[in-house]
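S.K.: This is the structure, below, for whatever I ask next.
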2 protein chains.
Amino acid sequence: MALTLPDARQDAFRARLTRGQTLELSALSQEFAVSIDTVRRDLKTLEAEGVARCVRGGAMPVSRPSGTALQRVALAAPGHDALASRALPLIEDGMVLLLDGGATVHALAQILPSLPNSLVVTPAPAVALACLAAGIDTQLVGGRLSPSGAISVGHGAVTALSDVAADIAFLGTCSLDPAFGLGADDLGEAEVKRAMATASHRSIALAGADKLGRRSRHRVLNCQDLDMLITNASPESVTLYKEQGVEICHA
Amino acid sequence: MALTLPDARQDAFRARLTRGQTLELSALSQEFAVSIDTVRRDLKTLEAEGVARCVRGGAMPVSRPSGTALQRVALAAPGHDALASRALPLIEDGMVLLLDGGATVHALAQILPSLPNSLVVTPAPAVALACLAAGIDTQLVGGRLSPSGAISVGHGAVTALSDVAADIAFLGTCSLDPAFGLGADDLGEAEVKRAMATASHRSIALAGADKLGRRSRHRVLNCQDLDMLITNASPESVTLYKEQGVEICHA
DNA sequence: CATAATTCTGCATATGCTTGCAAATTGTGG
DNA sequence: CCACAATTTGCAAGCATATGCAGAATTATG
């Protein structure tokens, strides 16, 4: 590796950091054949960019994809229950339900009644356990677990979902913008959520007010493809969605 | 484990504490190749942060306010530690592991270290969440969830497992009889467990003394096909297994 | 009560950080 | 082609931190 150019070197560091690796000063200075000081200065630059966190002896990736999904789910806020309980009346026994991952949908899974004739299909292990605890027939979608959202992603998960004919898909929301549509932070998650929407008759998004008007990296659906939005946002702040045919349900 | 950075080490401790694990000074000093004193100082730092409670010989997670359903599942109190901790030395980073469901294997999943180069494949959603919390690459096997054991069963699950080449399969035990072999209460679970054993180089059963000498409805494996048994039963009570070529590991 | 294990304390050492500065490299304009 | 400025890089001195060790104090355990 004869990349003596500062930018190329820093790019290499950036790549490793985004992969979750920790960088060690001494190792890097050897590998790139520059002095410790140079590496230190590079890492300081990356810290200024917000990509790295300098610590003694090197640098670490800036606090993981912002808290694991597990923590977010475990620390479910009471506000989510309001959204979840608004979703409950839409569910009838005998329906086939597709449940996404995420804190809000997880809250819904936790308050589901028994539904002896229904089937829940979900790529989220935490949601599956909650449904199983409620005594509901549960089908788990397999795949590699996405660290950010704790749901199964990948080709197998999408294929498995394409074989399902569901009545309602309840989608968690990373972001929802009137123009961009429903977004997800991870490409794999976006694909799975899209597959869920495709496999079901109605697609319903649960989104707290803090998720509205924001855009994530990947698009899941256009707003036209969304049948209903359950939110705690003010009625006037969701007119742009209503104009695109999205039914609004206020919590 | 090349975590030579002090902050990375403390982060690892933090991660384990938030998963409900107790930390042992001597074990940590070995694992991270630093002196006991250094680990002690680290834990004192974490105690000052409020995430640890130093006790004689190590530290414990500070009891947290409320327990949501997921916390109860993912952070359940480790009671089967004895068996699980005996399994730990068999695991090396880079291995592909197949983890069954059940309380004992779940306890193993909860004390797994980070294993950045390993892959865990499991049909048990609770186990998958525990591995994900440890930062391990996790592959979830999909299927209908068996109500009795909370693992994916069915043709799809068996097929998915047949495409895996694992180093070790850790099997939970419903029953283990010298003549009948390893048993399961549910036909679907038996098929999945058998597929796990077939897909891996070594098959290791974790069984408390109460599971030995009993027979369940369905056979998973003959004892000849079992490579190792980890149990807390007395040495004289397992001679019949040893005669069939099963390596015994006493907890 | 005696023994062993564990914890605390102080200290020497090693390692890493900061600052300032000089040499080398690159870019620019005459 | 040269002079000049800006950037990058390496080096050294002073300071701060982390680590490991040894001895004293404390706590468990039989």
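Here's how to read the names in the structure tokens: chain A, B, ... by the order shown, residue numbers from 1 in each chain, ligand numbers from 1 in the order shown.
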Run DSSP on the backbone of this structure and report the residues of stretch 122-189 of chain A it assigns to alpha helix (DSSP H), as a list of chain:residue names.
M.R.: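 Those residues are A:Pro125, A:Ala126, A:Val127, A:Ala128, A:Leu129, A:Ala130, A:Cys131, A:Leu132, A:Ala133, A:His155, A:Gly156, A:Ala157, A:Val158, A:Thr159, A:Ala160, A:Leu161, A:Ser162, A:Leu187, A:Gly188, A:Glu189.
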S.K.: Give one line per residue of chain C that approaches chain A to at most 10 Å, naming the two atoms of the closest pair and their distance in Å to one decimal, counting only C-alpha atoms (C1' of nucleotides); sort by chain then ascending residue number and deliver it as CSV.
M.R.:
residue,atom,partner,partner_atom,distance
C:DT15,C1',A:Gly57,CA,8.8
C:DG16,C1',A:Gly57,CA,6.5
C:DC17,C1',A:Arg56,CA,8.4
S.K.: Within 12 Å of A:Val238, counting only C-alpha atoms (C1' of nucleotides), which residues qualify if same-chain residues fewer than 4 places away don't, as number ranges by chain?
M.R.: A: 176-178, 207-209, 211-213, 223, 228-234, 242-250
S.K.: Pick out the closest residue to chain D from this set: A:Ala128, A:Val34, A:Val121, A:Phe13. Count only C-alpha atoms (C1' of nucleotides).
M.R.: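 So, comparing all the options, the nearest one is A:Val34.
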S.K.: Specify as a VMD selection string all residues of chain A found within 8 Å of chain D, counting only C-alpha atoms (C1' of nucleotides).
M.R.: chain A and resid 35 37 to 38
S.K.: Give me, as CSV, the closest atom pair and its distance (Å, one decimal) for every residue of chain A within a cut-off of 7 Å of chain B, counting only C-alpha atoms, rows sorted by chain and rising number.
M.R.:
residue,atom,partner,partner_atom,distance
A:Val55,CA,B:Asp7,CA,6.5
A:Arg56,CA,B:Leu5,CA,6.7
A:Gly57,CA,B:Leu5,CA,5.8
A:Leu70,CA,B:Ala133,CA,6.9
A:Ala74,CA,B:Leu70,CA,5.8
A:Pro125,CA,B:Pro125,CA,4.7
A:Ala126,CA,B:Leu70,CA,6.6
A:Leu132,CA,B:Pro147,CA,6.8
A:Thr138,CA,B:Leu145,CA,5.6
A:Gln139,CA,B:Arg144,CA,4.2
A:Leu140,CA,B:Gly142,CA,4.9
A:Val141,CA,B:Gly142,CA,4.5
A:Gly142,CA,B:Gly142,CA,3.6
A:Gly143,CA,B:Leu140,CA,5.1
A:Arg144,CA,B:Gln139,CA,4.2
A:Leu145,CA,B:Thr138,CA,5.6
A:Pro147,CA,B:Leu132,CA,6.8
A:Ser152,CA,B:Leu140,CA,6.8
S.K.: Any idea what's packed within 10 Å of stretch 82-93 of chain A, counting only C-alpha atoms (C1' of nucleotides), ignoring anything in its chain fewer than 4 positions away? Could you give it as a ChimeraX atom specification?
M.R.: /A:77-78,97,104-119,167-168,170,204-208,229-232,249-251
S.K.: Hey, can you spit out that residue selection with N, CA, C and O atoms as a short mmCIF file (atom, residue, chain, number, x, y, z; two decimals), in the first residue's frame?
M.R.:
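Writing done, so here's part-v7.cif:
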data_model
loop_
_atom_site.label_atom_id
_atom_site.label_comp_id
_atom_site.auth_asym_id
_atom_site.auth_seq_id
_atom_site.Cartn_x
_atom_site.Cartn_y
_atom_site.Cartn_z
N ALA A 77 -40.80 3.88 24.64
CA ALA A 77 -41.43 5.02 25.30
C ALA A 77 -42.93 4.79 25.37
O ALA A 77 -43.50 4.11 24.50
N PRO A 78 -43.58 5.35 26.37
CA PRO A 78 -45.02 5.18 26.51
C PRO A 78 -45.78 5.77 25.33
O PRO A 78 -46.89 5.35 25.05
N LEU A 97 -51.40 -11.13 9.27
CA LEU A 97 -50.75 -9.85 9.55
C LEU A 97 -49.26 -9.93 9.27
O LEU A 97 -48.60 -10.92 9.60
N THR A 104 -42.20 0.80 17.75
CA THR A 104 -43.64 1.04 17.74
C THR A 104 -44.41 -0.24 17.39
O THR A 104 -45.40 -0.59 18.04
N VAL A 105 -43.94 -0.93 16.37
CA VAL A 105 -44.61 -2.18 15.98
C VAL A 105 -44.45 -3.21 17.10
O VAL A 105 -45.37 -4.00 17.36
N HIS A 106 -43.31 -3.17 17.76
CA HIS A 106 -43.12 -4.09 18.88
C HIS A 106 -44.14 -3.82 19.98
O HIS A 106 -44.67 -4.75 20.60
N ALA A 107 -44.40 -2.57 20.20
CA ALA A 107 -45.42 -2.21 21.19
C ALA A 107 -46.78 -2.75 20.77
O ALA A 107 -47.56 -3.23 21.61
N LEU A 108 -47.05 -2.70 19.48
CA LEU A 108 -48.32 -3.25 18.98
C LEU A 108 -48.37 -4.76 19.23
O LEU A 108 -49.40 -5.29 19.70
N ALA A 109 -47.27 -5.43 18.94
CA ALA A 109 -47.24 -6.89 19.12
C ALA A 109 -47.51 -7.26 20.58
O ALA A 109 -48.13 -8.28 20.88
N GLN A 110 -47.06 -6.39 21.47
CA GLN A 110 -47.20 -6.71 22.89
C GLN A 110 -48.63 -6.57 23.39
O GLN A 110 -48.97 -7.15 24.42
N ILE A 111 -49.43 -5.79 22.69
CA ILE A 111 -50.80 -5.62 23.17
C ILE A 111 -51.80 -6.38 22.31
O ILE A 111 -53.01 -6.21 22.46
N LEU A 112 -51.30 -7.22 21.40
CA LEU A 112 -52.20 -8.00 20.56
C LEU A 112 -52.99 -8.99 21.40
O LEU A 112 -52.45 -9.61 22.32
N PRO A 113 -54.28 -9.15 21.09
CA PRO A 113 -55.06 -10.20 21.76
C PRO A 113 -54.71 -11.57 21.15
O PRO A 113 -53.85 -11.66 20.28
N SER A 114 -55.42 -12.57 21.58
CA SER A 114 -55.01 -13.93 21.23
C SER A 114 -55.13 -14.27 19.74
O SER A 114 -54.25 -14.91 19.18
N LEU A 115 -56.21 -13.88 19.09
CA LEU A 115 -56.39 -14.11 17.65
C LEU A 115 -56.15 -15.57 17.25
O LEU A 115 -55.22 -15.86 16.49
N PRO A 116 -57.00 -16.48 17.71
CA PRO A 116 -56.74 -17.91 17.49
C PRO A 116 -56.74 -18.33 16.03
O PRO A 116 -56.18 -19.37 15.70
N ASN A 117 -57.36 -17.55 15.15
CA ASN A 117 -57.43 -17.96 13.75
C ASN A 117 -56.51 -17.13 12.85
O ASN A 117 -56.58 -17.25 11.64
N SER A 118 -55.70 -16.29 13.44
CA SER A 118 -54.84 -15.44 12.64
C SER A 118 -53.45 -16.02 12.51
O SER A 118 -53.07 -16.96 13.22
N LEU A 119 -52.71 -15.43 11.60
CA LEU A 119 -51.30 -15.77 11.45
C LEU A 119 -50.52 -14.47 11.37
O LEU A 119 -50.90 -13.54 10.66
N ASP A 167 -53.24 -9.61 4.89
CA ASP A 167 -54.28 -8.60 4.84
C ASP A 167 -53.72 -7.22 5.13
O ASP A 167 -53.99 -6.26 4.43
N ILE A 168 -52.92 -7.12 6.20
CA ILE A 168 -52.37 -5.82 6.58
C ILE A 168 -50.89 -5.98 6.89
O ILE A 168 -50.48 -6.94 7.54
N PHE A 170 -48.12 -3.90 8.94
CA PHE A 170 -47.85 -2.76 9.82
C PHE A 170 -46.35 -2.46 9.75
O PHE A 170 -45.52 -3.29 10.14
N ILE A 204 -49.86 -0.13 6.32
CA ILE A 204 -50.13 0.88 7.32
C ILE A 204 -48.83 1.22 8.03
O ILE A 204 -48.13 0.32 8.52
N ALA A 205 -48.50 2.50 8.08
CA ALA A 205 -47.27 2.94 8.73
C ALA A 205 -47.60 3.51 10.10
O ALA A 205 -48.56 4.27 10.25
N LEU A 206 -46.80 3.16 11.08
CA LEU A 206 -46.90 3.76 12.41
C LEU A 206 -45.70 4.69 12.57
O LEU A 206 -44.55 4.23 12.52
N ALA A 207 -45.97 5.97 12.79
CA ALA A 207 -44.87 6.93 12.84
C ALA A 207 -45.14 8.00 13.87
O ALA A 207 -46.16 8.70 13.81
N GLY A 208 -44.23 8.15 14.82
CA GLY A 208 -44.31 9.26 15.75
C GLY A 208 -44.06 10.58 15.03
O GLY A 208 -43.50 10.59 13.92
N LEU A 229 -51.71 6.06 7.61
CA LEU A 229 -50.65 6.51 8.50
C LEU A 229 -51.25 6.72 9.89
O LEU A 229 -52.21 7.47 10.05
N ILE A 230 -50.67 6.04 10.86
CA ILE A 230 -51.09 6.24 12.24
C ILE A 230 -50.02 7.06 12.92
O ILE A 230 -48.85 6.66 12.97
N THR A 231 -50.39 8.21 13.43
CA THR A 231 -49.38 9.12 13.98
C THR A 231 -49.96 9.95 15.11
O THR A 231 -51.18 10.08 15.25
N ASN A 232 -49.09 10.52 15.89
CA ASN A 232 -49.51 11.43 16.94
C ASN A 232 -49.21 12.88 16.57
O ASN A 232 -49.23 13.77 17.43
N CYS A 249 -54.79 8.47 10.65
CA CYS A 249 -55.41 8.08 11.91
C CYS A 249 -54.61 8.73 13.04
O CYS A 249 -53.43 8.46 13.21
N HIS A 250 -55.28 9.63 13.76
CA HIS A 250 -54.56 10.38 14.81
C HIS A 250 -54.65 9.66 16.16
O HIS A 250 -55.72 9.21 16.56
N ALA A 251 -53.54 9.61 16.82
CA ALA A 251 -53.51 8.96 18.13
C ALA A 251 -53.64 10.00 19.24
O ALA A 251 -53.20 11.13 19.07
#
S.K.: Atom CA of A:Thr198 to atom CA of A:Asp210: how many Å, to one decimal?
M.R.: 25.8 Å
S.K.: Between atom CA of B:Gly172 and atom CA of B:His155, what is the distance, to one decimal in Å?
M.R.: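 Computing it gives 20.2 Å between the two atoms.
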S.K.: Could you give me the residues within stretch 6-251 of chain B that DSSP places in strand (DSSP E or B), as a PyMOL selection string?
M.R.: chain B and resi 23-24+52-55+58-61+96-99+119-122+137-140+143-145+152-153+166-172+175-177+181-184+200-207+212+218-221+228-231+247-250
S.K.: In Å to one decimal, how far is atom CA of A:Ser26 from atom CA of A:Leu46?
M.R.: 17.2 Å
